[in-house]
>>> print(open('work25.txt').read())   # compact mmCIF, C-alpha atoms and all ligand atoms
# COMPACT_ATOMS: atom_id res chain seq x y z
CA MET H 185 -24.54 26.95 -6.50
CA THR H 186 -26.58 24.08 -5.04
CA LYS H 187 -24.44 21.18 -3.92
CA ASN H 188 -25.29 17.80 -5.44
CA ILE H 189 -25.82 15.81 -2.26
CA PHE H 190 -26.56 12.10 -2.57
CA ASP H 191 -28.64 10.35 0.06
CA ILE H 192 -26.20 7.50 0.16
CA ALA H 193 -22.70 6.72 -1.09
CA ILE H 194 -21.64 3.10 -1.42
CA VAL H 195 -17.87 2.75 -1.15
CA GLY H 196 -16.64 -0.36 -3.03
CA GLY H 197 -18.20 -1.97 -6.10
CA GLY H 198 -17.80 -5.67 -5.32
CA PRO H 199 -20.90 -7.90 -5.31
CA ILE H 200 -22.09 -6.49 -1.99
CA GLY H 201 -21.59 -2.85 -3.01
CA ILE H 202 -23.36 -3.37 -6.35
CA PHE H 203 -26.36 -5.08 -4.75
CA THR H 204 -26.48 -2.50 -1.93
CA ALA H 205 -26.50 0.34 -4.49
CA PHE H 206 -29.31 -1.36 -6.41
CA TYR H 207 -31.32 -1.92 -3.22
CA ALA H 208 -30.78 1.70 -2.11
CA ALA H 209 -32.03 2.90 -5.51
CA MET H 210 -35.00 0.54 -5.25
CA ARG H 211 -35.78 2.09 -1.86
CA ASN H 212 -35.78 5.46 -3.65
CA LEU H 213 -32.51 6.83 -2.27
CA LYS H 214 -30.38 9.05 -4.49
CA THR H 215 -27.36 6.75 -4.67
CA ILE H 216 -23.76 6.80 -5.88
CA LEU H 217 -21.41 3.80 -6.04
CA PHE H 218 -17.61 4.21 -6.01
CA GLU H 219 -15.19 1.54 -7.25
CA SER H 220 -11.43 1.94 -7.33
CA MET H 221 -10.94 -0.51 -10.23
CA PRO H 222 -11.85 0.37 -13.83
CA THR H 223 -14.57 -2.32 -13.67
CA LEU H 224 -17.14 -3.32 -11.07
CA GLY H 225 -17.41 -6.79 -9.57
CA GLY H 226 -14.84 -7.19 -6.77
CA GLN H 227 -13.41 -10.61 -5.95
CA PRO H 228 -15.75 -12.82 -8.07
CA ASN H 229 -15.02 -10.79 -11.19
CA THR H 230 -11.34 -10.10 -10.48
CA LEU H 231 -10.02 -13.17 -8.67
CA TYR H 232 -12.22 -16.06 -9.82
CA ALA H 233 -14.25 -14.97 -12.85
CA GLN H 234 -14.37 -18.47 -14.38
CA LYS H 235 -14.90 -20.45 -11.17
CA LYS H 236 -18.38 -21.71 -10.39
CA ILE H 237 -20.20 -20.64 -7.21
CA TYR H 238 -22.79 -23.01 -5.72
CA ASP H 239 -23.97 -21.28 -2.55
CA VAL H 240 -25.42 -17.98 -3.74
CA ALA H 241 -29.15 -18.52 -3.29
CA GLY H 242 -30.95 -18.99 -6.61
CA ASN H 243 -27.72 -18.92 -8.67
CA PHE H 244 -26.53 -22.55 -8.53
CA GLY H 245 -23.25 -23.10 -10.41
CA ILE H 246 -22.93 -19.51 -11.63
CA SER H 247 -19.46 -18.22 -12.58
CA GLY H 248 -17.99 -15.15 -10.87
CA GLU H 249 -18.22 -13.28 -14.16
CA ASP H 250 -21.88 -14.17 -14.77
CA LEU H 251 -22.84 -13.33 -11.19
CA THR H 252 -21.35 -9.87 -11.79
CA LYS H 253 -23.25 -9.51 -15.09
CA ASN H 254 -26.51 -10.45 -13.35
CA LEU H 255 -25.86 -8.00 -10.52
CA LEU H 256 -25.31 -5.26 -13.10
CA ILE H 257 -28.58 -5.81 -15.00
CA LYS H 258 -30.09 -2.34 -15.00
CA ASP H 259 -33.73 -1.42 -14.58
CA GLN H 260 -34.56 2.20 -15.32
CA ARG H 261 -36.85 2.33 -12.30
CA PHE H 262 -33.89 1.75 -9.96
CA ASN H 263 -31.08 3.98 -11.18
CA TYR H 264 -27.92 4.78 -9.31
CA GLU H 265 -24.80 6.67 -10.36
CA THR H 266 -21.53 4.77 -10.73
CA GLN H 267 -17.97 6.13 -10.51
CA VAL H 268 -15.35 3.56 -11.52
CA ALA H 269 -11.57 4.06 -11.31
CA THR H 270 -12.45 6.19 -8.28
CA THR H 271 -10.89 5.43 -4.91
CA VAL H 272 -12.50 6.97 -1.85
CA GLN H 273 -9.58 8.34 0.10
CA HIS H 274 -11.24 10.18 2.96
CA PHE H 275 -14.60 11.42 4.22
CA THR H 276 -15.40 14.20 6.69
CA LYS H 277 -18.68 15.21 8.32
CA VAL H 278 -19.82 18.70 7.25
CA ASP H 279 -23.18 19.88 8.67
CA ASP H 280 -25.65 17.07 7.87
CA TYR H 281 -23.63 15.33 5.14
CA TYR H 282 -20.23 13.76 4.50
CA GLN H 283 -17.73 15.34 2.13
CA ILE H 284 -16.10 12.45 0.26
CA GLU H 285 -12.60 12.93 -1.17
CA THR H 286 -11.59 10.71 -4.09
CA ASN H 287 -8.86 10.68 -6.73
CA ASN H 288 -11.61 11.89 -9.12
CA GLY H 289 -12.93 14.85 -7.17
CA THR H 290 -15.09 15.60 -4.15
CA PHE H 291 -18.61 14.27 -3.62
CA ALA H 292 -21.25 14.67 -0.91
CA ALA H 293 -23.65 12.18 0.67
CA ARG H 294 -25.79 12.15 3.79
CA ALA H 295 -24.86 8.57 4.67
CA LEU H 296 -22.26 5.99 3.61
CA VAL H 297 -22.19 2.23 3.32
CA ILE H 298 -18.64 0.87 3.27
CA THR H 299 -18.32 -2.30 1.19
CA ILE H 300 -14.59 -2.26 0.47
CA GLY H 301 -13.84 -5.95 1.03
CA ASN H 302 -10.13 -6.19 1.86
CA GLY H 303 -9.36 -2.70 0.50
CA PRO H 304 -8.75 -1.37 -3.02
CA PHE H 305 -7.46 -3.90 -5.52
CA GLN H 306 -4.12 -3.03 -7.13
CA PRO H 307 -2.55 -4.95 -9.99
CA ARG H 308 0.78 -6.61 -9.19
CA LYS H 309 3.13 -4.58 -11.34
CA LEU H 310 6.47 -5.29 -12.99
CA THR H 311 9.12 -4.94 -10.29
CA PHE H 312 11.91 -3.39 -12.38
CA ALA H 313 12.08 0.30 -13.36
CA TYR H 314 10.63 1.36 -16.71
CA ASP H 315 9.65 4.62 -18.39
CA PRO H 316 6.32 5.49 -16.67
CA SER H 317 5.02 7.22 -19.82
CA ILE H 318 4.43 3.81 -21.48
CA GLU H 319 1.86 2.81 -18.82
CA GLY H 320 -1.68 3.04 -20.16
CA LYS H 321 -0.29 3.11 -23.72
CA GLN H 322 2.07 0.30 -24.75
CA LEU H 323 2.03 -1.30 -21.26
CA ASN H 324 -1.25 -2.13 -19.53
CA TYR H 325 -2.34 -3.99 -16.41
CA PHE H 326 -6.06 -4.03 -17.36
CA VAL H 327 -7.93 -4.31 -20.63
CA GLN H 328 -9.96 -1.11 -20.87
CA ASP H 329 -11.16 -1.66 -24.43
CA LEU H 330 -10.47 -4.88 -26.31
CA GLN H 331 -10.52 -2.97 -29.61
CA ASP H 332 -7.24 -1.25 -28.57
CA TYR H 333 -5.55 -4.58 -29.41
CA LYS H 334 -7.05 -4.98 -32.89
CA GLY H 335 -4.41 -5.72 -35.55
CA CYS H 336 -1.57 -5.38 -33.00
CA ASP H 337 1.29 -7.65 -32.00
CA VAL H 338 0.47 -8.31 -28.35
CA LEU H 339 2.41 -9.95 -25.54
CA VAL H 340 0.34 -11.11 -22.56
CA ALA H 341 2.37 -11.95 -19.43
CA GLY H 342 1.07 -14.20 -16.64
CA GLY H 343 0.01 -17.77 -16.01
CA GLY H 344 -3.43 -17.62 -14.33
CA ASP H 345 -7.00 -17.59 -15.63
CA THR H 346 -6.94 -13.86 -16.39
CA ALA H 347 -3.79 -14.03 -18.55
CA VAL H 348 -4.93 -17.14 -20.42
CA ASP H 349 -8.47 -15.82 -21.00
CA TRP H 350 -7.22 -12.44 -22.27
CA ALA H 351 -4.62 -14.07 -24.54
CA LEU H 352 -7.40 -16.19 -26.09
CA GLU H 353 -9.75 -13.23 -26.44
CA ILE H 354 -7.10 -10.88 -27.85
CA SER H 355 -5.88 -13.51 -30.33
CA LYS H 356 -9.27 -13.27 -32.10
CA ILE H 357 -8.57 -9.69 -33.21
CA ALA H 358 -4.80 -9.15 -32.86
CA HIS H 359 -2.23 -9.62 -35.63
CA GLN H 360 -0.15 -11.93 -33.40
CA THR H 361 -0.58 -12.80 -29.72
CA TYR H 362 2.13 -14.22 -27.45
CA LEU H 363 1.67 -15.55 -23.92
CA LEU H 364 4.73 -15.44 -21.67
CA HIS H 365 4.89 -17.22 -18.31
CA ARG H 366 7.68 -18.18 -15.92
CA ARG H 367 6.55 -21.83 -15.78
CA ASP H 368 5.64 -24.33 -18.48
CA GLN H 369 2.31 -25.06 -16.75
CA PHE H 370 -0.54 -22.56 -16.54
CA ARG H 371 -2.71 -22.12 -13.42
CA ALA H 372 -5.92 -21.78 -15.42
CA LEU H 373 -9.06 -23.84 -15.99
CA GLU H 374 -8.25 -27.07 -17.81
CA SER H 375 -10.69 -26.20 -20.61
CA SER H 376 -9.00 -22.79 -21.11
CA VAL H 377 -5.56 -24.43 -21.30
CA THR H 378 -6.91 -26.88 -23.91
CA ASN H 379 -8.33 -23.95 -25.90
CA LEU H 380 -4.97 -22.21 -25.59
CA GLN H 381 -3.12 -25.20 -27.05
CA GLN H 382 -5.49 -25.20 -30.03
CA SER H 383 -5.36 -21.42 -30.52
CA PRO H 384 -3.02 -19.23 -32.60
CA VAL H 385 -1.46 -17.86 -29.37
CA GLN H 386 2.30 -18.41 -29.40
CA ILE H 387 3.44 -19.64 -25.98
CA LEU H 388 6.75 -18.35 -24.59
CA THR H 389 7.72 -20.37 -21.47
CA PRO H 390 9.51 -20.55 -19.06
CA ASN H 391 10.48 -16.88 -19.21
CA ILE H 392 10.52 -13.74 -17.04
CA ILE H 393 10.40 -10.18 -18.39
CA THR H 394 13.45 -8.21 -17.24
CA HIS H 395 13.51 -4.99 -19.27
CA LEU H 396 11.26 -2.76 -21.38
CA GLU H 397 12.26 -0.09 -23.84
CA LEU H 398 10.31 1.88 -26.40
CA ASP H 399 11.87 1.96 -29.88
CA PRO H 400 11.22 5.59 -30.92
CA GLN H 401 11.57 4.71 -34.62
CA SER H 402 8.93 1.99 -34.81
CA ASP H 403 7.01 2.97 -31.62
CA LYS H 404 7.25 -0.73 -30.70
CA LEU H 405 7.96 -1.96 -27.21
CA VAL H 406 11.18 -3.96 -27.06
CA VAL H 407 10.60 -6.58 -24.36
CA THR H 408 13.67 -8.36 -22.99
CA TYR H 409 13.06 -11.61 -21.14
CA LYS H 410 15.25 -14.11 -19.33
CA ILE H 411 14.90 -17.81 -19.98
CA VAL H 412 14.31 -19.31 -16.51
CA GLY H 413 17.14 -21.50 -15.22
CA THR H 414 19.68 -20.07 -17.70
CA ASP H 415 21.65 -16.82 -18.15
CA GLN H 416 20.23 -16.43 -21.64
CA THR H 417 17.98 -13.56 -22.64
CA ALA H 418 15.84 -12.96 -25.71
CA GLN H 419 13.86 -10.03 -27.11
CA ILE H 420 10.51 -9.56 -28.74
CA ASN H 421 9.05 -6.40 -30.32
CA VAL H 422 5.34 -5.81 -29.75
CA ASP H 423 2.80 -3.00 -29.99
CA LYS H 424 1.27 -3.82 -26.63
CA LEU H 425 2.19 -5.64 -23.44
CA LEU H 426 -0.60 -6.74 -21.09
CA VAL H 427 0.69 -7.82 -17.67
CA ASN H 428 -1.69 -10.03 -15.63
CA TYR H 429 0.35 -10.97 -12.56
CA GLY H 430 -2.67 -10.97 -10.21
CA MET H 431 -4.01 -8.50 -7.67
CA THR H 432 -3.11 -7.32 -4.19
CA ASN H 433 -5.07 -5.21 -1.73
CA ASN H 434 -4.37 -3.39 1.52
CA SER H 435 -6.25 -1.78 4.41
CA ARG H 436 -4.07 1.36 4.67
CA LEU H 437 -6.90 3.80 3.75
CA LEU H 438 -9.41 2.17 6.08
CA ARG H 439 -7.15 2.83 9.06
CA GLN H 440 -7.37 6.60 8.45
CA TRP H 441 -11.19 6.83 8.51
CA GLY H 442 -11.76 6.90 12.28
CA LEU H 443 -13.78 3.68 12.25
CA GLN H 444 -13.70 1.25 15.13
CA LEU H 445 -11.78 -1.76 13.84
CA GLN H 446 -11.08 -5.29 14.97
CA GLY H 447 -7.83 -6.08 13.18
CA PRO H 448 -8.41 -5.00 9.56
CA LEU H 449 -12.23 -5.34 9.85
CA ILE H 450 -14.92 -2.77 10.68
CA SER H 451 -16.98 -3.43 13.82
CA VAL H 452 -20.72 -3.13 13.16
CA ASP H 453 -23.82 -3.71 15.27
CA SER H 454 -26.88 -5.71 14.21
CA LYS H 455 -28.06 -2.74 12.07
CA MET H 456 -24.69 -2.64 10.24
CA GLN H 457 -24.03 0.70 11.95
CA THR H 458 -20.38 1.58 12.59
CA ASN H 459 -19.14 3.83 15.41
CA LEU H 460 -19.53 6.88 13.08
CA ALA H 461 -22.93 8.57 12.70
CA SER H 462 -24.64 7.72 9.37
CA VAL H 463 -21.81 5.38 8.35
CA TYR H 464 -22.77 1.75 7.80
CA ALA H 465 -20.73 -1.17 6.47
CA ALA H 466 -21.37 -4.59 4.90
CA GLY H 467 -19.67 -7.53 3.20
CA ASP H 468 -16.16 -8.85 3.70
CA ALA H 469 -15.05 -5.56 5.31
CA VAL H 470 -17.12 -6.07 8.48
CA THR H 471 -17.00 -8.16 11.60
CA TYR H 472 -19.55 -9.08 14.27
CA THR H 473 -20.24 -12.20 16.29
CA GLY H 474 -20.97 -15.00 13.84
CA LYS H 475 -19.77 -13.12 10.70
CA GLN H 476 -18.80 -15.30 7.74
CA LYS H 477 -17.33 -14.02 4.49
CA LEU H 478 -20.07 -15.24 2.16
CA ILE H 479 -21.79 -13.43 -0.69
CA THR H 480 -25.40 -14.21 0.31
CA LEU H 481 -24.74 -13.06 3.86
CA GLY H 482 -23.17 -9.84 2.51
CA PHE H 483 -26.27 -9.13 0.37
CA ALA H 484 -28.43 -9.34 3.50
CA GLU H 485 -26.04 -7.04 5.39
CA GLY H 486 -26.33 -4.50 2.54
CA MET H 487 -30.14 -4.55 2.86
CA LEU H 488 -29.92 -4.12 6.63
CA ALA H 489 -27.53 -1.18 6.17
CA ILE H 490 -29.86 0.57 3.70
CA ASN H 491 -32.96 0.00 5.82
CA SER H 492 -31.08 1.35 8.87
CA ALA H 493 -29.97 4.40 6.86
CA ILE H 494 -33.56 5.06 5.74
CA GLN H 495 -34.79 4.84 9.33
CA GLN H 496 -32.24 7.47 10.28
CA LEU H 497 -32.47 9.76 7.21
CA TYR H 498 -36.19 9.55 6.47
CA PRO H 499 -37.95 8.06 9.53
CA GLU H 500 -41.31 8.81 7.92
CA LYS H 501 -40.43 6.55 4.92
CA SER H 502 -38.93 3.71 6.86
CA HIS H 503 -41.95 1.42 6.46
CA PHE H 504 -40.59 -1.82 5.07
CA GLY H 505 -42.40 -3.23 2.04
CA HIS H 506 -41.80 -6.38 0.01
CA SER H 507 -40.55 -5.57 -3.50
CA SER H 508 -43.17 -7.95 -4.92
CA SER H 509 -45.95 -5.78 -3.53
CA LEU H 510 -44.26 -2.46 -4.28
CA PHE H 511 -43.57 -2.86 -8.00
CA ASN H 512 -46.03 -5.31 -9.55
C1 LIG H 601 -11.19 -17.74 -4.76
C2 LIG H 601 -12.42 -17.33 -3.99
C3 LIG H 601 -13.58 -18.08 -4.09
C4 LIG H 601 -14.73 -17.70 -3.38
N1 LIG H 601 -15.85 -18.48 -3.48
C5 LIG H 601 -16.99 -18.11 -2.83
C6 LIG H 601 -18.17 -18.90 -2.91
O1 LIG H 601 -18.19 -19.95 -3.55
N2 LIG H 601 -19.28 -18.46 -2.23
C7 LIG H 601 -19.29 -17.31 -1.48
O2 LIG H 601 -20.34 -16.97 -0.92
N3 LIG H 601 -18.16 -16.55 -1.37
C8 LIG H 601 -17.02 -16.92 -2.02
N4 LIG H 601 -15.88 -16.16 -1.90
C9 LIG H 601 -15.93 -14.95 -1.05
C10 LIG H 601 -16.63 -13.80 -1.79
O3 LIG H 601 -15.99 -13.57 -3.03
C11 LIG H 601 -16.58 -12.55 -0.92
O4 LIG H 601 -17.28 -12.82 0.28
C12 LIG H 601 -17.24 -11.37 -1.65
O5 LIG H 601 -16.52 -11.04 -2.81
C13 LIG H 601 -17.29 -10.14 -0.72
O6 LIG H 601 -17.81 -9.09 -1.47
P1 LIG H 601 -17.52 -7.56 -1.08
O7 LIG H 601 -18.29 -6.77 -2.09
O8 LIG H 601 -17.75 -7.37 0.36
O9 LIG H 601 -15.93 -7.37 -1.28
P2 LIG H 601 -15.03 -7.49 -2.59
O10 LIG H 601 -15.53 -8.52 -3.51
O11 LIG H 601 -13.65 -7.63 -2.07
O12 LIG H 601 -15.21 -6.08 -3.30
C14 LIG H 601 -14.75 -4.90 -2.68
C15 LIG H 601 -14.55 -3.85 -3.76
O13 LIG H 601 -14.30 -2.59 -3.15
C16 LIG H 601 -13.32 -1.88 -3.89
N5 LIG H 601 -12.69 -0.89 -3.00
C17 LIG H 601 -11.92 -1.15 -1.93
N6 LIG H 601 -11.54 -0.01 -1.34
C18 LIG H 601 -12.10 1.00 -2.05
C19 LIG H 601 -12.08 2.42 -1.93
N7 LIG H 601 -11.40 3.03 -0.94
N8 LIG H 601 -12.74 3.16 -2.85
C20 LIG H 601 -13.43 2.55 -3.86
N9 LIG H 601 -13.48 1.20 -4.02
C21 LIG H 601 -12.83 0.45 -3.12
C22 LIG H 601 -12.36 -2.99 -4.33
O14 LIG H 601 -11.60 -2.59 -5.46
C23 LIG H 601 -13.34 -4.13 -4.65
O15 LIG H 601 -13.74 -4.14 -6.00
C24 LIG H 601 -14.72 -16.53 -2.58
C25 LIG H 601 -13.55 -15.75 -2.49
C26 LIG H 601 -12.41 -16.14 -3.19
C27 LIG H 601 -11.16 -15.30 -3.09
>>> encode(input="work25.txt", output="structure tokens")
Amino acid sequence: MTKNIFDIAIVGGGPIGIFTAFYAAMRNLKTILFESMPTLGGQPNTLYAQKKIYDVAGNFGISGEDLTKNLLIKDQRFNYETQVATTVQHFTKVDDYYQIETNNGTFAARALVITIGNGPFQPRKLTFAYDPSIEGKQLNYFVQDLQDYKGCDVLVAGGGDTAVDWALEISKIAHQTYLLHRRDQFRALESSVTNLQQSPVQILTPNIITHLELDPQSDKLVVTYKIVGTDQTAQINVDKLLVNYGMTNNSRLLRQWGLQLQGPLISVDSKMQTNLASVYAAGDAVTYTGKQKLITLGFAEGMLAINSAIQQLYPEKSHFGHSSSLFN
């Protein structure tokens, strides 16, 4: 059996990973992009989707969400494969390629570009014990498909932009939507909070969820919550609970990859080369003299990484051409 070996694997589907994958495909490399979350986009899409960004060249005042949408515009001339919900756990050099171990199987690529930001994003989960079989069914930390909430009684928990935005969105198709938060004030855009007040979403504040149980008769989730500042509890029965308590990330995996690090960051040279052969890095994950964690700078680092990889993989093709002359 012939092994499916990619020219390049991009590890991390934030803005820098997405653009680097696109650029690699444009430079004719057989490319695969891995992202540990169910959706691409990294920090702008996950942490500040509704905030406006003013310093990404040519995208004045664009929201994190729209920047992600623009980065994901596909052109059939520049195709790359994408694996979401796939965390790269380890990679090992075998002959002239790397074997890449993920939670979704093993892949192979001749070179890697690491664009993992601060490490894989994980949702902040409920801290009390609950039956794990409800996760992904009645209890969710991400919206995979909005239609799953159609006609349901839904409780959204959280007080930031993500919770407020999802409560508003879900309320358009759900039977009844509740939004539960531990404070009376929400940490969301003022315009979203105004929309919330005018929406059919029923607000349950200031409350904290303390217990979950599935009622086997009705298949409903019985959610017990404590009223903050009192000993009183109350219950609500819903079909679905969506918890949006924010995200965390860690650099545990990175420390096992044999890369030269400075603190939690990967040391790279001016070609974005790491200490490992054929392994490059770009974006928030890297450090060098003068590094700043900015999107536009990360895009340029991604281009440098790909052009360095081409020089090493296909020296005969490494002639640099402007895209405007290559594809008109
Ligand atoms: C609130 C806020 C506002 C900001 N505003 C601006 C701004 O106005 N202008 C600006 O230029 N910058 C801004 N930034 C910084 C900017 O968002 C970052 O510089 C940028 O997101 C870095 O992109 P990245 O792709 O390197 O990393 P990230 O965006 O962190 O993406 C990394 C991705 O890699 C994935 N990943 C990690 N480990 C693995 C693994 N092992 N396997 C698979 N996938 C993995 C993660 O899940 C994540 O999706 C802001 C940041 C924040 C937090």
>>> residues_near_ligand(input="work25.txt", ligand="ligand LIG 601 (chain H)", cutoff="7 Å", atoms="only C-alpha atoms and all ligand atoms", output="number ranges by chain")
H: 195-201, 218-221, 224-228, 231-232, 237-240, 270-273, 299-305, 437, 466-469, 477-480, 482
>>> closest_residue(input="work25.txt", among="H:Val463, H:Ala208, H:Ile202, H:Leu449", to="Ile490 of chain H", atoms="all atoms listed in the file")
H:Ala208
>>> closest_residue(input="work25.txt", among="H:Arg366, H:Lys501, H:His395, H:His506", to="Asp315 of chain H", atoms="only C-alpha atoms")
H:His395
>>> residues_around(input="work25.txt", residues="Asp453 of chain H", least_positions_apart="2", cutoff="10 Å", atoms="only C-alpha atoms", output="ChimeraX atom specification")
/H:451,455-459,464-465,470-473
>>> closest_residue(input="work25.txt", among="H:Gln386, H:Asn324, H:Ser247, H:Ser454", to="Asn491 of chain H", atoms="all atoms listed in the file")
H:Ser454
>>> residues_around(input="work25.txt", residues="segment 367-370 of chain H", least_positions_apart="4", cutoff="10 Å", atoms="only C-alpha atoms", output="ChimeraX atom specification")
/H:342-345,347-348,374,376-377,387-392,412
>>> residues_around(input="work25.txt", residues="Ala313 of chain H", least_positions_apart="5", cutoff="12 Å", atoms="all atoms listed in the file", output="NGL selection string")
:H and (318-319 or 393-397)
>>> closest_residue(input="work25.txt", among="H:Pro222, H:Gln260, H:Leu481, H:Ser509", to="Val327 of chain H", atoms="all atoms listed in the file")
H:Pro222
>>> residues_around(input="work25.txt", residues="segment 354-362 of chain H", least_positions_apart="3", cutoff="8 Å", atoms="all atoms listed in the file", output="list in words")
Leu330, Gln331, Tyr333, Lys334, Gly335, Cys336, Asp337, Val338, Leu339, Val340, Trp350, Ala351, Ser383, Pro384, Val385, Gln386, Ile387 and Leu388 of chain H
>>> write_last_selection(input="work25.txt", atoms="C-alpha atoms", output="PDB file, in the frame of the given file")
ATOM      1  CA  LEU H 330     -10.470  -4.880 -26.310  1.00  0.00           C
ATOM      2  CA  GLN H 331     -10.520  -2.970 -29.610  1.00  0.00           C
ATOM      3  CA  TYR H 333      -5.550  -4.580 -29.410  1.00  0.00           C
ATOM      4  CA  LYS H 334      -7.050  -4.980 -32.890  1.00  0.00           C
ATOM      5  CA  GLY H 335      -4.410  -5.720 -35.550  1.00  0.00           C
ATOM      6  CA  CYS H 336      -1.570  -5.380 -33.000  1.00  0.00           C
ATOM      7  CA  ASP H 337       1.290  -7.650 -32.000  1.00  0.00           C
ATOM      8  CA  VAL H 338       0.470  -8.310 -28.350  1.00  0.00           C
ATOM      9  CA  LEU H 339       2.410  -9.950 -25.540  1.00  0.00           C
ATOM     10  CA  VAL H 340       0.340 -11.110 -22.560  1.00  0.00           C
ATOM     11  CA  TRP H 350      -7.220 -12.440 -22.270  1.00  0.00           C
ATOM     12  CA  ALA H 351      -4.620 -14.070 -24.540  1.00  0.00           C
ATOM     13  CA  SER H 383      -5.360 -21.420 -30.520  1.00  0.00           C
ATOM     14  CA  PRO H 384      -3.020 -19.230 -32.600  1.00  0.00           C
ATOM     15  CA  VAL H 385      -1.460 -17.860 -29.370  1.00  0.00           C
ATOM     16  CA  GLN H 386       2.300 -18.410 -29.400  1.00  0.00           C
ATOM     17  CA  ILE H 387       3.440 -19.640 -25.980  1.00  0.00           C
ATOM     18  CA  LEU H 388       6.750 -18.350 -24.590  1.00  0.00           C
TER      19      LEU H 388
END
>>> closest_residue(input="work25.txt", among="H:Gln419, H:Gln495, H:Asn188, H:Gln234", to="Tyr281 of chain H", atoms="only C-alpha atoms")
H:Asn188
>>> residues_near_point(input="work25.txt", point="(-12.2, 11.3, -11.3)", cutoff="10 Å", atoms="all atoms listed in the file", output="PyMOL selection string")
chain H and resi 267-271+286-290
>>> atom_distance(input="work25.txt", atom1="atom CA of Ala293 of chain H", atom2="atom CA of Met431 of chain H")
29.7 Å
>>> closest_residue(input="work25.txt", among="H:Leu460, H:Val427, H:Leu352, H:Ala233", to="Arg308 of chain H", atoms="all atoms listed in the file")
H:Val427
